[in-house]
4 protein chains.
Amino acid sequence: MKNTIGRHISCTIFGESHGKAIGVTLDGLPAGIRIDEDWIAMRLEQRKAKGRISTQRHEPDQPIIVSGVFEGFTTGTPLTILMENKAQHSQDYEKTKNRLRPSHADYSGDIKYFGYQDYRGGGHFSGRITAPLVAAGAIAQQILKANGIELGTHIRCCHGIEDCAFASQETLLEEQLHKLETIDFPVLDERSAQRMKEAIEAAAADGDSVGGILESAAIHVPAGLGEPFFDSMESVIAHYLYSIPAVKGVSFGHGFGFANLFGSEANDAILCENDRIKTRTNHNGGINGGITNGMPLLINTCIKPTPSIYKEQDTIHKTTHEAEKLMIQGRHDPAIIHRARVVVDSVLALAILDLYMERCAVVALQNHRKEETI
Amino acid sequence: MKNTIGRHISCTIFGESHGKAIGVTLDGLPAGIRIDEDWIAMRLEQRKAKGRISTQRHEPDQPIIVSGVFEGFTTGTPLTILMENKAQHSQDYEKTKNRLRPSHADYSGDIKYFGYQDYRGGGHFSGRITAPLVAAGAIAQQILKANGIELGTHIRCCHGIEDCAFASQETLLEEQLHKLETIDFPVLDERSAQRMKEAIEAAAADGDSVGGILESAAIHVPAGLGEPFFDSMESVIAHYLYSIPAVKGVSFGHGFGFANLFGSEANDAILCENDRIKTRTNHNGGINGGITNGMPLLINTCIKPTPSIYKEQDTIHKTTHEAEKLMIQGRHDPAIIHRARVVVDSVLALAILDLYMERCAVVALQNHRKEETI
Amino acid sequence: MKNTIGRHISCTIFGESHGKAIGVTLDGLPAGIRIDEDWIAMRLEQRKAKGRISTQRHEPDQPIIVSGVFEGFTTGTPLTILMENKAQHSQDYEKTKNRLRPSHADYSGDIKYFGYQDYRGGGHFSGRITAPLVAAGAIAQQILKANGIELGTHIRCCHGIEDCAFASQETLLEEQLHKLETIDFPVLDERSAQRMKEAIEAAAADGDSVGGILESAAIHVPAGLGEPFFDSMESVIAHYLYSIPAVKGVSFGHGFGFANLFGSEANDAILCENDRIKTRTNHNGGINGGITNGMPLLINTCIKPTPSIYKEQDTIHKTTHEAEKLMIQGRHDPAIIHRARVVVDSVLALAILDLYMERCAVVALQNHRKEETI
Amino acid sequence: MKNTIGRHISCTIFGESHGKAIGVTLDGLPAGIRIDEDWIAMRLEQRKAKGRISTQRHEPDQPIIVSGVFEGFTTGTPLTILMENKAQHSQDYEKTKNRLRPSHADYSGDIKYFGYQDYRGGGHFSGRITAPLVAAGAIAQQILKANGIELGTHIRCCHGIEDCAFASQETLLEEQLHKLETIDFPVLDERSAQRMKEAIEAAAADGDSVGGILESAAIHVPAGLGEPFFDSMESVIAHYLYSIPAVKGVSFGHGFGFANLFGSEANDAILCENDRIKTRTNHNGGINGGITNGMPLLINTCIKPTPSIYKEQDTIHKTTHEAEKLMIQGRHDPAIIHRARVVVDSVLALAILDLYMERCAVVALQNHRKEETI
């Protein structure tokens with residue numbers, strides 16, 4: 001389905017960085033959801049470029065809802081959001097359009113689209129396409145919140161500088177998630193935030209860029225979501241996360257750390273506290289056998305350093321294939337990890353909502369059946 | 001679609017560990033593929049439990065092709081393979097069926113299926129279901145081979161013991177892949193193999209288990225496969241890989257290592273050698289912007305330690321929820337990483353073949369169009 | 001998805017007429033459904049060939065459930081049913097295998113599968129593949145019944161001989177549906193049944209075949225199922241019905257008769273009786289704007305005459321393309337309309353159940369939301 | 001997927017009749033297609049309301065391409081077309097908004113969307129949403145034309161007045177299709193056109209409406225498209241056609257007429273003329289066993305009379321459920337069959353293109369394989 005994802009709440013994105021507009025269509029939304037435009041605006045604001053640690057391209061990212069909302073509530077029909085492109089500097093791309101930018105989609109995209117793609121600003125490959133995704137994710141997240149499910153993401157590590165990990169204690173974790181919602185640079189420990197910003201600024205000053213790791217959590221996700229094999233929770237969530245440009249690693253719970261543990265260390269002992277079944281540790285990140293177990297979902301996502309740097313790079317000419325030196329022009333981010341946080345939240349919200357609706361259908365049929373005789 | 005995956009070559013799995021049979025249906029296969037049953041048998045053999053480093057349950061895993069093959073060739077219609085279960089010891093599960101096994105799907109599966117699942121041997125959650133997947137993957141891999149694409153997997157790390165990484169030089173890599181095809185314990189450096197086996201045996205002797213990391217490569221994958229967003233190469237491959245039980249981490253190229261690199265270190269310089277466009281390094285693992293760039297695909301998959309251990313564990317009773325001590329009975333693997341290798345190869349083959357067929361359609365239409373006037 | 005259909009309850013079929021076995025996999029079933037094997041056997045019995053009005057190939061059609069059922073109840077995991085082929089006379093097809101049978105899939109199938117298909121008995125194109133579909137449909141119908149939804153089908157017309165139409169009064173219609181469940185030759189008016197059988201026997205005696213029209217109804221389908229455009233009730237139901245071999249027409253309510261009506265005649269006036277909203281007439285067959293309105297679903301399905309006849313026909317040789325006379329050998333049905341009835345019921349049950357589950361998810365989310373504050 | 005259809009070329013529609021804009025996203029298009037905006041405009045013109053036989057709502061239907069086209073050619077990324085709503089008279093719907101309009105989606109839509117739908121002008125159920133569908137279909141049709149496939153539709157019957165059927169001779173049929181492309185009222189026999197228009201005008205004068213039957217043909221569709229069961233040509237085409245509001249019947253070839261034929265009359269004898277395999281007759285409408293056979297596709301689609309009439313009708317109040325008399329206000333079509341023609345062409349083009357691309361993939365893989373050794 002290429003640019004559409006989701007079985008219950010399907011999400012279709014479209015647009016190019018320097019085209020007329022970018023947008024998203026959400027289909028399958030329940031009717032009667034009051035759209036909180038301020039919340040959407042706040043999430044978009046968190047994705048926006050700001051200060052010296054971001055690109056100097058400043059887009060208003062004003063979402064225009066063209067369908068699917070009537071008198072302030074969702075109608076249940078496809079909800080399309082448009083954002084006009086206003087701050088294009090297309091000429092920045094003219095000069096270098098024939099030099100394939102390393103680690104960008106210039107070459108792979110050229111092959112894929114037989115040379116017809118819009119090269120300006122990365123075209124459809126641009127991180128800019130994630131803006132409508134954030135608007136869509138904000139709506140999904142509102143629905144999840146109304147059903148008690150909260151989620152959030154912080155920078156766990158930025159170019160070697162670590163933030164503390166999420167709390168294992170659930171009420172503390174909930175507080176951390178609430179706090180993350182309202183801050184711009186999403187780090188739990190204020191001192192780490194300062195050091196990370198300095199590292200990004202230093203890279204920027206040097207014409208270079210940095211990456212990092214985002215840690216996400218979702219709480220109050222009911223047990224029983226996901227499938228044993230092809231649509232395991234991990235499969236579906238990873239599918240959504242890997243649709244974000246620059247993501248090169250996704251892991252759950254203890255992730256790659258499992259490679260060095262014994263089973264006796266890795267297993268999460270089961271206990272029952274106040275009538276609730278829990279695990280003592282949560283190495284499995286809330287998922288066993290592909291199915292949620294009611295514990296917090298814990299996910300790590302690695303964001304590679306932004307490939308647009310101002311240092312000279314070796315590349316070739318697109319058509320002659322001759323070796324060339326490339327000095328990238330234009331406005332670019334020395335890091336996107338702080339902006340990517342809200343994109344990660346958005347696709348997580350879309351993924352979890354989709355599986356949650358699947359579960360709703362199964363439970364509804366199960367409950368109905370109980371009242372009947374077969 | 002739950003137990004079905006794939007847009008072009010769809011794969012449906014079914015069966016329980018202690019049921020009558022397990023199986024797989026592959027739909028969308030090209031007609032006229034000669035089925036090499038020896039090759040399938042060899043792959044199944046590599047998945048089989050052997051020696052002290054594996055479970056003592058020995059299943060013949062004899063594949064019975066019930067449809068889709070006529071006179072030795074695929075017909076193009078659904079190809080279904082059955083494997084009968086023969087070596088069940090269902091009574092092993094009777095004694096402990098009310099004690100939720102930590103880090104297994106006992107609890108999450110119980111919630112998901114409202115208590116109706118077949119609990120014996122993990123039921124549909126059993127790793128045993130991967131046997132038909134291996135048969136299916138072997139067929140997909142044969143088709144890829146016929147189209148020039150080779151892939152393989154080795155144990156990069158097992159409980160801290162490392163194998164050398166895949167060669168960056170492509171002809172060396174190709175040799176490594178060929179060698180891996182025929183060996184049972186898939187490690188590049190023979191000395192590492194020995195040390196890993198010893199570590200697994202030591203864990204087994206202690207009633208414990210270990211995990212590890214598998215490194216996979218695919219070569220001669222043409223550039224242009226995958227989509228910019230929701231069906232990026234990474235999204236699709238991760239979706240397939242995370243359907244394998246015990247996988248908790250998937251990364252591409254430099255993976256989580258990107259978090260500590262500058263963009264200037266991470267970017268892969270582009271060059272042209274003998275008319276072929278390549279990158280000097282391959283940190284991006286053959287994928288830029290979600291699309292293959294013609295370089296080898298490089299993927300790391302983390303397998304957690306087998307949760308079935310013979311040490312005493314804390315858990316609760318399924319219905320009374322009272323705390324209990326669990327001593328797992330039955331026959332279990334102290335490590336599955338060496339057996340999981342061929343499962344990883346199989347789902348990789350299915351994933352790549354699916355995206356390859358998508359690309360075939362697009363190229364075919366593109367070529368056709370060139371000869372016409374619009 | 002080719003041989004798989006259904007978003008919630010997916011159904012995958014496989015097998016060839018003269019292969020080892022044919023089968024079906026149902027995925028997404030609720031857990032805990034008690035499988036009534038007698039009911040499935042009864043439905044399969046109704047599909048079976050009997051007497052002079054059917055083929056003389058008599059297959060036991062014994063369904064073997066290989067997965068997805070544990071201790072008599074569905075587990076919620078994929079349920080696979082196999083049926084072994086036992087009464088093949090493959091040599092019947094040897095003699096004529098190079099003569100393309102008119103109005104069969106011999107030529108189109110040969111092109112589609114590049115000559116590799118199993119030609120014996122129609123291979124995967126055989127109506128025989130509908131046997132597992134009937135088993136699958138019987139399970140879907142059991143679930144619908146448990147949720148209050150009843151459906152059934154009768155022969156509205158067979159080679160010009162008409163049965164009376166379904167009653168417009170709903171309690172009468174319900175009685176008719178119940179009566180149809182237990183009779184072999186599904187006609188409402190006994191006299192029509194007699195005349196139809198005579199017509200079929202006369203055609204059989206003449207080496208010829210006949211077709212007809214099946215009228216189906218489903219009652220107590222709740223209002224609100226279906227989608228405004230691409231997944232309208234009509235779209236989804238027609239998709240399922242047209243998967244049955246020999247179906248060449250599908251219409252809803254007044255169907256093609258609408259072409260001669262004025263809007264003022266065609267519109268169904270709305271009224272409220274005993275707190276239930278109904279329409280005075282039901283020309284729209286229970287569907288407005290693609291969505292069910294709570295009135296009975298009314299569907300007509302045209303089955304073409306069986307193409308296998310014993311009269312001499314003009315055709316060509318498969319490879320030389322020279323004109324040839326064909327005298328079909330083997331055992332064939334002079335009519336399949338009485339056997340097709342239960343296949344129509346089966347795919348209708350699968351289609352309605354799928355849309356019903358979709359609705360369950362939406363309603364469940366809607367209800368949940370009402371109790372929360374957004 | 002609700003408002004998205006198509007596996008290769010997916011089509012997503014959105015919008016409400018009186019909302020800000022309506023639109024469509026086409027994803028999966030080949031890159032490098034020159035978009036012929038004049039042709040799209042011509043098709044949209046043919047869908048437009050004109051004269052006394054249509055509604056007096058006149059919308060410019062100016063398509064705005066917001067993405068997926070660069071320098072006049074498709075880029076291969078999602079192509080989104082918007083059309084602003086400009087000529088709404090929303091107050092027309094205020095007066096009658098609480099009276100459920102018979103045979104409209106007012107009641108079924110109200111249940112489906114829990115009362116939150118935009119009721120003005122039918123909201124998302126409006127035939128107006130077919131305007132972007134026509135733009136999308138025009139692009140699909142251009143691609144088919146570039147691959148040699150032509151299609152077209154005429155009014156076979158309007159309220160009992162018949163047009164002659166399509167020619168059985170293929171070159172004559174091709175001429176007929178070409179002629180239909182450029183005329184506004186799509187009828188083969190000029191005299192029938194006159195009589196049909198008079199019938200529509202007479203109905204309009206009486207405040208009533210009429211329906212009819214559209215006959216469509218597609219030529220040069222290669223043999224081998226479609227699947228044996230769930231994605232038979234008939235299944236897929238019917239699915240698309242039934243997504244058009246007002247369609248209540250779809251049949252192929254001889255359609256419901258098969259019910260009265262003997263097999264010996266119905267079968268299409270096979271012959272070979274000038275190296276091309278054909279059938280003497282084409283009762284099966286170019287499809288055998290769900291697969292195209294290379295003969296022209298022949299499809300009949302029944303359009304019911306427009307439910308909006310100016311005669312008094314019996315209905316109930318939406319909330320009180322009390323009986324009321326309804327006199328519909330606003331601007332409505334006394335017939336839509338002449339306007340629906342181009343919508344039918346559009347969804348046919350989308351359906352055939354999707355199956356054509358599927359076939360391209362299979363053939364490409366088949367051809368590639370031939371050159372290799374397995």
# chains A, B, ... in the order shown; residues from 1 in each chain; ligands from 1
call {"tool": "interface_residues", "arguments": {"of": "chain D", "to": "chain B", "cutoff": "10 Å", "atoms": "only C-alpha atoms", "output": "PyMOL selection string"}}
result
chain D and resi 7-8+28-36+76-77+142-148+227-228+356-366+368-374
call {"tool": "atom_distance", "arguments": {"atom1": "atom CA of Val343 of chain B", "atom2": "atom CA of Thr171 of chain B"}}
result
24.6 Å
call {"tool": "residues_around", "arguments": {"residues": "Glu215 of chain A", "least_positions_apart": "2", "cutoff": "7 Å", "atoms": "only C-alpha atoms", "output": "ChimeraX atom specification"}}
result
/A:153-156,213,217,299-301
call {"tool": "select_by_dssp", "arguments": {"residues": "segment 189-241 of chain C", "states": "strand (DSSP E)", "output": "VMD selection string"}}
result
chain C and resid 212 to 219
call {"tool": "residues_around", "arguments": {"residues": "segment 178-189 of chain C", "least_positions_apart": "6", "cutoff": "9 Å", "atoms": "only C-alpha atoms", "output": "PyMOL selection string"}}
result
chain C and resi 42-43+45-47+150-156+163-166+197+338-339+341
call {"tool": "select_by_dssp", "arguments": {"residues": "segment 57-145 of chain A", "states": "alpha helix (DSSP H)", "output": "ChimeraX atom specification"}}
result
/A:91-94,106-112,130-145
call {"tool": "residues_around", "arguments": {"residues": "Glu198 of chain C", "least_positions_apart": "3", "cutoff": "12 Å", "atoms": "only C-alpha atoms", "output": "list in words"}}
result
Arg52, Ile53, Cys158, His159, Ile161, Arg191, Ser192, Ala193, Gln194, Arg195, Glu201, Ala202, Ala203, Ala204, Ala205, Val210, Pro334 and Ala335 of chain C
call {"tool": "residues_around", "arguments": {"residues": "Val250 of chain D", "least_positions_apart": "4", "cutoff": "8 Å", "atoms": "only C-alpha atoms", "output": "PDB file with all heavy atoms, in the first residue's frame"}}
result
ATOM      1  N   GLY C 249     -23.746 -12.765 -12.742  1.00  0.00           N
ATOM      2  CA  GLY C 249     -24.560 -11.601 -12.435  1.00  0.00           C
ATOM      3  C   GLY C 249     -24.854 -11.542 -10.951  1.00  0.00           C
ATOM      4  O   GLY C 249     -25.108 -12.578 -10.329  1.00  0.00           O
ATOM      5  N   VAL C 250     -24.765 -10.333 -10.380  1.00  0.00           N
ATOM      6  CA  VAL C 250     -25.106 -10.133  -8.967  1.00  0.00           C
ATOM      7  C   VAL C 250     -25.876  -8.823  -8.869  1.00  0.00           C
ATOM      8  O   VAL C 250     -25.434  -7.808  -9.427  1.00  0.00           O
ATOM      9  CB  VAL C 250     -23.836 -10.046  -8.082  1.00  0.00           C
ATOM     10  CG1 VAL C 250     -24.194  -9.609  -6.650  1.00  0.00           C
ATOM     11  CG2 VAL C 250     -23.096 -11.375  -8.048  1.00  0.00           C
ATOM     12  N   SER C 251     -27.030  -8.848  -8.222  1.00  0.00           N
ATOM     13  CA  SER C 251     -27.767  -7.596  -8.049  1.00  0.00           C
ATOM     14  C   SER C 251     -28.414  -7.553  -6.673  1.00  0.00           C
ATOM     15  O   SER C 251     -28.529  -8.573  -5.997  1.00  0.00           O
ATOM     16  CB  SER C 251     -28.812  -7.441  -9.145  1.00  0.00           C
ATOM     17  OG  SER C 251     -29.850  -8.383  -8.955  1.00  0.00           O
TER      18      SER C 251
ATOM     19  N   ALA D 238     -16.583  -5.742 -10.103  1.00  0.00           N
ATOM     20  CA  ALA D 238     -17.845  -5.486  -9.407  1.00  0.00           C
ATOM     21  C   ALA D 238     -17.605  -4.686  -8.129  1.00  0.00           C
ATOM     22  O   ALA D 238     -18.380  -3.789  -7.787  1.00  0.00           O
ATOM     23  CB  ALA D 238     -18.554  -6.801  -9.088  1.00  0.00           C
ATOM     24  N   LEU D 241     -17.224  -1.146  -9.217  1.00  0.00           N
ATOM     25  CA  LEU D 241     -18.467  -0.564  -9.750  1.00  0.00           C
ATOM     26  C   LEU D 241     -19.484  -0.315  -8.646  1.00  0.00           C
ATOM     27  O   LEU D 241     -20.174   0.706  -8.637  1.00  0.00           O
ATOM     28  CB  LEU D 241     -19.057  -1.479 -10.825  1.00  0.00           C
ATOM     29  CG  LEU D 241     -18.337  -1.427 -12.174  1.00  0.00           C
ATOM     30  CD1 LEU D 241     -18.847  -2.542 -13.091  1.00  0.00           C
ATOM     31  CD2 LEU D 241     -18.524  -0.063 -12.857  1.00  0.00           C
ATOM     32  N   TYR D 242     -19.582  -1.244  -7.716  1.00  0.00           N
ATOM     33  CA  TYR D 242     -20.562  -1.088  -6.638  1.00  0.00           C
ATOM     34  C   TYR D 242     -20.159  -0.005  -5.641  1.00  0.00           C
ATOM     35  O   TYR D 242     -20.887   0.274  -4.696  1.00  0.00           O
ATOM     36  CB  TYR D 242     -20.789  -2.416  -5.916  1.00  0.00           C
ATOM     37  CG  TYR D 242     -21.878  -3.259  -6.547  1.00  0.00           C
ATOM     38  CD1 TYR D 242     -21.618  -4.534  -7.019  1.00  0.00           C
ATOM     39  CD2 TYR D 242     -23.183  -2.770  -6.647  1.00  0.00           C
ATOM     40  CE1 TYR D 242     -22.615  -5.316  -7.583  1.00  0.00           C
ATOM     41  CE2 TYR D 242     -24.183  -3.547  -7.218  1.00  0.00           C
ATOM     42  CZ  TYR D 242     -23.896  -4.812  -7.674  1.00  0.00           C
ATOM     43  OH  TYR D 242     -24.896  -5.568  -8.237  1.00  0.00           O
ATOM     44  N   ILE D 299     -19.638  -5.510 -19.793  1.00  0.00           N
ATOM     45  CA  ILE D 299     -20.175  -5.353 -18.436  1.00  0.00           C
ATOM     46  C   ILE D 299     -21.448  -4.514 -18.477  1.00  0.00           C
ATOM     47  O   ILE D 299     -21.495  -3.488 -19.160  1.00  0.00           O
ATOM     48  CB  ILE D 299     -19.135  -4.638 -17.538  1.00  0.00           C
ATOM     49  CG1 ILE D 299     -17.817  -5.410 -17.549  1.00  0.00           C
ATOM     50  CG2 ILE D 299     -19.657  -4.479 -16.110  1.00  0.00           C
ATOM     51  CD1 ILE D 299     -16.600  -4.537 -17.343  1.00  0.00           C
ATOM     52  N   ASN D 300     -22.461  -4.956 -17.764  1.00  0.00           N
ATOM     53  CA  ASN D 300     -23.673  -4.149 -17.600  1.00  0.00           C
ATOM     54  C   ASN D 300     -23.796  -3.680 -16.161  1.00  0.00           C
ATOM     55  O   ASN D 300     -23.561  -4.453 -15.226  1.00  0.00           O
ATOM     56  CB  ASN D 300     -24.916  -4.963 -17.970  1.00  0.00           C
ATOM     57  CG  ASN D 300     -25.142  -4.983 -19.470  1.00  0.00           C
ATOM     58  OD1 ASN D 300     -25.077  -3.945 -20.124  1.00  0.00           O
ATOM     59  ND2 ASN D 300     -25.377  -6.163 -20.029  1.00  0.00           N
ATOM     60  N   THR D 301     -24.147  -2.407 -16.011  1.00  0.00           N
ATOM     61  CA  THR D 301     -24.265  -1.797 -14.685  1.00  0.00           C
ATOM     62  C   THR D 301     -25.615  -1.109 -14.591  1.00  0.00           C
ATOM     63  O   THR D 301     -25.929  -0.246 -15.417  1.00  0.00           O
ATOM     64  CB  THR D 301     -23.142  -0.745 -14.488  1.00  0.00           C
ATOM     65  OG1 THR D 301     -21.880  -1.380 -14.714  1.00  0.00           O
ATOM     66  CG2 THR D 301     -23.176  -0.162 -13.088  1.00  0.00           C
ATOM     67  N   CYS D 302     -26.412  -1.488 -13.599  1.00  0.00           N
ATOM     68  CA  CYS D 302     -27.719  -0.844 -13.460  1.00  0.00           C
ATOM     69  C   CYS D 302     -27.671   0.313 -12.464  1.00  0.00           C
ATOM     70  O   CYS D 302     -27.171   0.157 -11.346  1.00  0.00           O
ATOM     71  CB  CYS D 302     -28.761  -1.868 -12.999  1.00  0.00           C
ATOM     72  SG  CYS D 302     -30.378  -1.098 -12.840  1.00  0.00           S
TER      73      CYS D 302
END
call {"tool": "atom_distance", "arguments": {"atom1": "atom CA of Leu214 of chain D", "atom2": "atom CA of Ala349 of chain C"}}
result
29.8 Å
call {"tool": "residues_around", "arguments": {"residues": "Gln62 of chain D", "least_positions_apart": "5", "cutoff": "9 Å", "atoms": "only C-alpha atoms", "output": "ChimeraX atom specification"}}
result
/D:41,44,82-84
call {"tool": "atom_distance", "arguments": {"atom1": "atom CA of Thr4 of chain B", "atom2": "atom CA of Ala140 of chain C"}}
result
18.9 Å
call {"tool": "decode", "arguments": {"residues": "segment 81-97 of chain C", "atoms": "N, CA, C and O atoms", "output": "short mmCIF file (atom, residue, chain, number, x, y, z; two decimals), in the first residue's frame"}}
result
data_model
loop_
_atom_site.label_atom_id
_atom_site.label_comp_id
_atom_site.auth_asym_id
_atom_site.auth_seq_id
_atom_site.Cartn_x
_atom_site.Cartn_y
_atom_site.Cartn_z
N ILE C 81 -8.87 -26.46 7.63
CA ILE C 81 -9.65 -27.67 7.33
C ILE C 81 -9.11 -28.27 6.04
O ILE C 81 -8.96 -27.57 5.04
N LEU C 82 -8.83 -29.55 6.07
CA LEU C 82 -8.38 -30.27 4.88
C LEU C 82 -9.46 -31.24 4.42
O LEU C 82 -10.20 -31.78 5.23
N MET C 83 -9.51 -31.48 3.11
CA MET C 83 -10.34 -32.56 2.57
C MET C 83 -9.50 -33.29 1.54
O MET C 83 -9.02 -32.68 0.58
N GLU C 84 -9.35 -34.57 1.76
CA GLU C 84 -8.54 -35.35 0.82
C GLU C 84 -9.33 -35.62 -0.45
O GLU C 84 -10.55 -35.76 -0.41
N ASN C 85 -8.64 -35.63 -1.58
CA ASN C 85 -9.27 -36.04 -2.83
C ASN C 85 -9.15 -37.55 -2.94
O ASN C 85 -8.06 -38.09 -2.81
N LYS C 86 -10.27 -38.21 -3.18
CA LYS C 86 -10.23 -39.66 -3.21
C LYS C 86 -10.79 -40.26 -4.49
O LYS C 86 -10.38 -41.34 -4.90
N ALA C 87 -11.74 -39.57 -5.09
CA ALA C 87 -12.43 -40.20 -6.21
C ALA C 87 -12.03 -39.61 -7.57
O ALA C 87 -12.84 -39.46 -8.47
N GLN C 88 -10.71 -39.28 -7.68
CA GLN C 88 -10.26 -38.75 -8.96
C GLN C 88 -10.27 -39.83 -10.04
O GLN C 88 -9.88 -40.96 -9.78
N HIS C 89 -10.70 -39.48 -11.22
CA HIS C 89 -10.50 -40.31 -12.41
C HIS C 89 -9.64 -39.50 -13.36
O HIS C 89 -10.13 -38.99 -14.36
N SER C 90 -8.39 -39.35 -13.03
CA SER C 90 -7.56 -38.42 -13.78
C SER C 90 -7.44 -38.79 -15.24
O SER C 90 -7.29 -37.94 -16.11
N GLN C 91 -7.57 -40.10 -15.53
CA GLN C 91 -7.41 -40.52 -16.92
C GLN C 91 -8.51 -39.94 -17.82
O GLN C 91 -8.30 -39.78 -19.03
N ASP C 92 -9.67 -39.57 -17.25
CA ASP C 92 -10.72 -38.94 -18.05
C ASP C 92 -10.21 -37.69 -18.75
O ASP C 92 -10.76 -37.26 -19.76
N TYR C 93 -9.22 -37.05 -18.14
CA TYR C 93 -8.77 -35.77 -18.65
C TYR C 93 -7.56 -35.89 -19.58
O TYR C 93 -7.20 -34.96 -20.26
N GLU C 94 -6.96 -37.09 -19.57
CA GLU C 94 -5.80 -37.32 -20.42
C GLU C 94 -6.16 -37.12 -21.89
O GLU C 94 -5.48 -36.40 -22.62
N LYS C 95 -7.26 -37.78 -22.29
CA LYS C 95 -7.62 -37.81 -23.72
C LYS C 95 -7.88 -36.42 -24.29
O LYS C 95 -7.57 -36.13 -25.44
N THR C 96 -8.52 -35.57 -23.47
CA THR C 96 -8.94 -34.27 -24.02
C THR C 96 -8.07 -33.12 -23.53
O THR C 96 -8.40 -31.97 -23.73
N LYS C 97 -6.94 -33.45 -22.92
CA LYS C 97 -6.22 -32.36 -22.26
C LYS C 97 -5.66 -31.32 -23.23
O LYS C 97 -5.38 -30.21 -22.84
#
